[in-house]
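Colleague: Dropping the structure in here first, questions after.
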Protein chains: 2
Amino acid sequence: MTDRREALTIGATAWVLEHGLSGLSLRPVAKGLGTSDRMLVYYFGSKDGLVAAITEFAGEQLVAAMPTIDPNRPPRSARAWLDQAWALFSNPAIRPAMQLLFELDAVAVRSPGPARDAAAAVTERWLHVVGDVLSEFGISARARRGLTPLVAASLIGLALENLITESGTAPDALRTLAGVIDAARG
Amino acid sequence: MTDRREALTIGATAWVLEHGLSGLSLRPVAKGLGTSDRMLVYYFGSKDGLVAAITEFAGEQLVAAMPTIDPNRPPRSARAWLDQAWALFSNPAIRPAMQLLFELDAVAVRSPGPARDAAAAVTERWLHVVGDVLSEFGISARARRGLTPLVAASLIGLALENLITESGTAPDALRTLAGVIDAARG
DNA sequence: ACAGGTTTGTAGCGCCCGCTACAAGCCCTA
DNA sequence: TAGGGCTTGTAGCGGGCGCTACAAACCTGT
């Protein structure tokens with residue numbers, strides 16, 4: 001049934017969030033889900049099918065988790081939104097998702113396929129979200145053209161750096177970035 | 001002998017640049033190098049030893065390839081240096097190295113070990129290089145504090161985005177970033 | 001109650017994996 | 001030239017891999 005397949009997809013994605021995508025093999029995943037490799041092949045056709053389903057679902061989850069603007073609590077400044085976004089990116093509970101994102105990126109960078117599709121969707125959505133936020137702050141379309149990809153790339157780069165080195169430079173960078181955004185409001 | 005080990009490390013790194021690090025297994029690598037898996041185990045102790053040697057060497061290579069300032073041809077503006085750095089990052093010949101960098105990052109993000117050490121070394125070196133460049137442009141230490149990690153993270157984020165989506169937003173972002181740097185020269 | 005399609009369990013095939021035992025080859029010293 | 005360590009080739013072990021054949025169990029509509 002489709003329900004069962006969805007449940008397995010959700011469970012397998014959770015397994016991947018915890019254990020990583022790279023070393024995935026059917027039997028351990030199946031055991032973790034209380035089923036057998038036979039069933040995973042039955043529902044997903046092959047290991048590639050399972051991985052595709054996981055990446056697709058994980059991509060949707062990541063897109064849904066983007067730190068957009070809450071209409072009920074609109075941030076009062078660029079700084080406030082950046083802090084809000086950074087609090088999400090550096091939240092330990094979100095860490096597995098960030099790890100999976102960069103794992104997807106690594107696969108996507110080397111070859112096309114479901115991983116690249118998912119990574120590209122997440123990236124484009126992220127650009128869109130940042131663009132909306134900047135628009136909300138009254139930044140002109142002309143200024144947004146360069147500022148949107150700059151802000152989006154900065155946050156991704158800082159998140160990656162933060163996961164690797166924990167050097168703690170992000171707050172300073174975010175303060176500077178907030179100044180850049182404020183200056184663009186004109 | 002140590003010479004043989006170094007030669008195998010170099011060759012294995014080249015193999016990984018072409019084929020990726022994640023699916024590495026001894027026999028294909030050995031065949032590619034004209035030797036046997038037996039020899040790789042002999043010289044590196046185990047597969048983990050080989051991977052550690054590769055990541056370490058690749059990390060050194062990446063560090064050595066950073067787009068620092070050429071004293072003979074100092075760039076005349078932030079824009080010029082950014083263009084120079086971006087030309088390197090988006091150079092097709094460098095692409096395998098960028099792919100390996102993000103593959104190392106993905107491993108590093110999930111667990112400590114040689115990959116994290118290498119990735120952290122590359123990241124810190126990159127921060128250092130960017131800091132030097134900004135200093136060269138006469139930007140104060142105070143302004144550099146936030147600007148250095150911002151510029152470093154931006155370029156990494158843009159490089160990643162560029163490899164995944166080829167959306168072509170990087171030039172606009174770089175133009176904006178150049179304006180930010182120039183403004184900081186005060 | 002029963003037939004027929006859908007779902008699941010058992011067993012195992014062939015393959016590649018990391019790694020090792022063993023012996024032969026090699027080269028340097030005496 | 002003989003000995004003895006460093007280096008290499010051959011063969012294979014145990015195990016996990018993706019995947020499949022086959023049959024039992026299950027559910028559903030009549």
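Just so we're on the same page: first chain in the structure tokens is A, next is B, and so on; residues restart at 1 for each chain, and ligands are numbered from 1 in the order they show up.
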Using only C-alpha atoms (C1' of nucleotides), find which residues of chain D lie within 9 Å of chain A and jot them down as a ChimeraX atom specification.
Modeller: /D:17-19
Colleague: Tell me, as an NGL selection string, which residues lie within 7 Å of Thr55 of chain A, counting only C-alpha atoms (C1' of nucleotides); anything in the same chain fewer than 5 positions away does not count.
Modeller: :A and (114-115 or 118)
Colleague: Under the rule of at most 9 Å, produce a per-residue listing of chain A near chain B: chain, number, name, the closest pair of atoms, and the distance in Å, as a tab-separated table, using only C-alpha atoms.
Modeller:
```
residue	atom	partner	partner_atom	distance
A:His19	CA	B:Arg110	CA	8.9
A:Gly20	CA	B:Arg110	CA	7.7
A:Ser22	CA	B:Ser22	CA	6.9
A:Gly23	CA	B:Ser22	CA	8.4
A:Pro96	CA	B:Arg110	CA	8.3
A:Met98	CA	B:Val109	CA	8.8
A:Gln99	CA	B:Val109	CA	6.1
A:Leu100	CA	B:Ala106	CA	8.3
A:Leu101	CA	B:Ala106	CA	8.8
A:Phe102	CA	B:Ala106	CA	5.4
A:Glu103	CA	B:Ala106	CA	4.9
A:Leu104	CA	B:Ala106	CA	8.4
A:Asp105	CA	B:Ile164	CA	7.3
A:Ala106	CA	B:Glu103	CA	4.9
A:Val107	CA	B:Glu103	CA	7.6
A:Ala108	CA	B:Ile164	CA	6.3
A:Val109	CA	B:Ile164	CA	5.6
A:Arg110	CA	B:Gln99	CA	6.2
A:Pro112	CA	B:Ile164	CA	8.9
A:Arg116	CA	B:Ile164	CA	6.6
A:Asp117	CA	B:Ile164	CA	8.8
A:Ala119	CA	B:Ile164	CA	7.1
A:Ala120	CA	B:Thr165	CA	5.5
A:Ala121	CA	B:Thr165	CA	8.8
A:Thr123	CA	B:Glu161	CA	7.1
A:Glu124	CA	B:Thr165	CA	8.0
A:Ala143	CA	B:Thr176	CA	8.3
A:Arg145	CA	B:Asp172	CA	6.5
A:Gly146	CA	B:Ala173	CA	4.2
A:Leu147	CA	B:Ala173	CA	6.0
A:Thr148	CA	B:Ala173	CA	7.5
A:Pro149	CA	B:Ala173	CA	5.6
A:Leu150	CA	B:Ala173	CA	4.8
A:Val151	CA	B:Ser154	CA	7.7
A:Ala152	CA	B:Gly157	CA	7.9
A:Ala153	CA	B:Gly157	CA	4.2
A:Ser154	CA	B:Ser154	CA	4.1
A:Leu155	CA	B:Ala153	CA	7.5
A:Ile156	CA	B:Gly157	CA	5.6
A:Gly157	CA	B:Ala153	CA	4.2
A:Leu158	CA	B:Ala153	CA	5.3
A:Ala159	CA	B:Ala153	CA	8.6
A:Leu160	CA	B:Asp105	CA	7.8
A:Glu161	CA	B:Thr123	CA	7.1
A:Leu163	CA	B:Val109	CA	5.7
A:Ile164	CA	B:Val109	CA	5.6
A:Thr165	CA	B:Ala120	CA	5.5
A:Ser167	CA	B:Glu124	CA	8.7
A:Thr169	CA	B:Pro149	CA	6.3
A:Ala170	CA	B:Pro149	CA	7.0
A:Pro171	CA	B:Gly146	CA	7.9
A:Asp172	CA	B:Gly146	CA	4.3
A:Ala173	CA	B:Gly146	CA	4.2
A:Leu174	CA	B:Gly146	CA	7.4
A:Arg175	CA	B:Gly146	CA	6.9
A:Thr176	CA	B:Gly146	CA	5.4
A:Leu177	CA	B:Leu150	CA	7.2
A:Val180	CA	B:Val180	CA	6.9
```
Colleague: How would the residues just chosen look if you wrote them out with C-alpha atoms as a CSV table (one decimal), in the first residue's frame?
Modeller:
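Saved file again_18.csv follows:
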```csv
chain,number,residue,atom,x,y,z
A,19,HIS,CA,23.3,7.5,10.6
A,20,GLY,CA,24.1,9.4,7.5
A,22,SER,CA,26.7,7.6,2.5
A,23,GLY,CA,27.1,4.2,4.1
A,96,PRO,CA,21.2,16.3,11.7
A,98,MET,CA,22.1,20.4,8.3
A,99,GLN,CA,24.5,17.4,8.1
A,100,LEU,CA,22.2,15.7,5.7
A,101,LEU,CA,21.9,18.9,3.6
A,102,PHE,CA,25.7,19.1,3.2
A,103,GLU,CA,25.8,15.3,2.5
A,104,LEU,CA,23.2,15.8,-0.2
A,105,ASP,CA,25.3,18.7,-1.5
A,106,ALA,CA,28.4,16.6,-1.7
A,107,VAL,CA,26.6,14.0,-3.7
A,108,ALA,CA,24.9,16.6,-5.9
A,109,VAL,CA,28.1,18.3,-6.6
A,110,ARG,CA,29.6,15.2,-8.1
A,112,PRO,CA,23.2,14.6,-11.3
A,116,ARG,CA,21.1,17.1,-7.1
A,117,ASP,CA,17.5,17.7,-7.7
A,119,ALA,CA,19.8,20.0,-3.3
A,120,ALA,CA,18.9,22.4,-6.1
A,121,ALA,CA,15.3,22.6,-4.9
A,123,THR,CA,19.0,26.0,-2.7
A,124,GLU,CA,16.5,27.8,-5.0
A,143,ALA,CA,19.6,46.1,-4.7
A,145,ARG,CA,19.6,41.3,-7.3
A,146,GLY,CA,23.1,41.0,-5.8
A,147,LEU,CA,22.2,41.1,-2.1
A,148,THR,CA,19.9,38.1,-2.1
A,149,PRO,CA,22.5,35.5,-3.4
A,150,LEU,CA,25.1,37.2,-1.2
A,151,VAL,CA,23.0,36.8,2.0
A,152,ALA,CA,21.9,33.3,1.1
A,153,ALA,CA,25.4,32.1,0.3
A,154,SER,CA,26.8,33.8,3.4
A,155,LEU,CA,24.5,32.0,5.8
A,156,ILE,CA,25.1,28.6,4.1
A,157,GLY,CA,28.8,29.2,4.2
A,158,LEU,CA,28.7,30.3,7.8
A,159,ALA,CA,26.6,27.2,8.7
A,160,LEU,CA,29.1,24.9,7.1
A,161,GLU,CA,32.1,26.6,8.7
A,163,LEU,CA,29.8,22.7,11.8
A,164,ILE,CA,33.4,22.1,10.9
A,165,THR,CA,35.4,24.4,13.0
A,167,SER,CA,35.5,28.9,15.4
A,169,THR,CA,33.2,33.8,13.9
A,170,ALA,CA,29.6,33.7,12.8
A,171,PRO,CA,28.2,36.4,15.2
A,172,ASP,CA,30.7,39.0,14.0
A,173,ALA,CA,30.0,38.1,10.4
A,174,LEU,CA,26.2,38.3,11.0
A,175,ARG,CA,26.6,41.8,12.6
A,176,THR,CA,28.5,43.0,9.6
A,177,LEU,CA,25.9,41.4,7.3
A,180,VAL,CA,25.1,45.7,4.8
```
Colleague: To one decimal in Å, tell me the separation between atom CA of Arg125 of chain B and atom CA of Ala85 of chain B.
Modeller: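 These atoms are spaced 14.5 Å apart.
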Colleague: Would you please work out which residue, of C:DA30, C:DT8, C:DC19, C:DG14, is nearest to chain A when using only C-alpha atoms (C1' of nucleotides)?
Modeller: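 Result for the nearest residue to chain A: C:DT8.
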Colleague: Counting only C-alpha atoms (C1' of nucleotides), which residues of chain A come no farther than 10 Å from chain C, as a list of chain:residue names?
Modeller: A:Met1, A:Thr35, A:Ser36, A:Arg38, A:Met39, A:Tyr42
Colleague: Could you tell me how far atom CA of Ala141 of chain B lies from atom CA of Asp70 of chain B, in Å and to one decimal?
Modeller: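 Taking atom CA of Ala141 of chain B and atom CA of Asp70 of chain B, their separation equals 21.6 Å.
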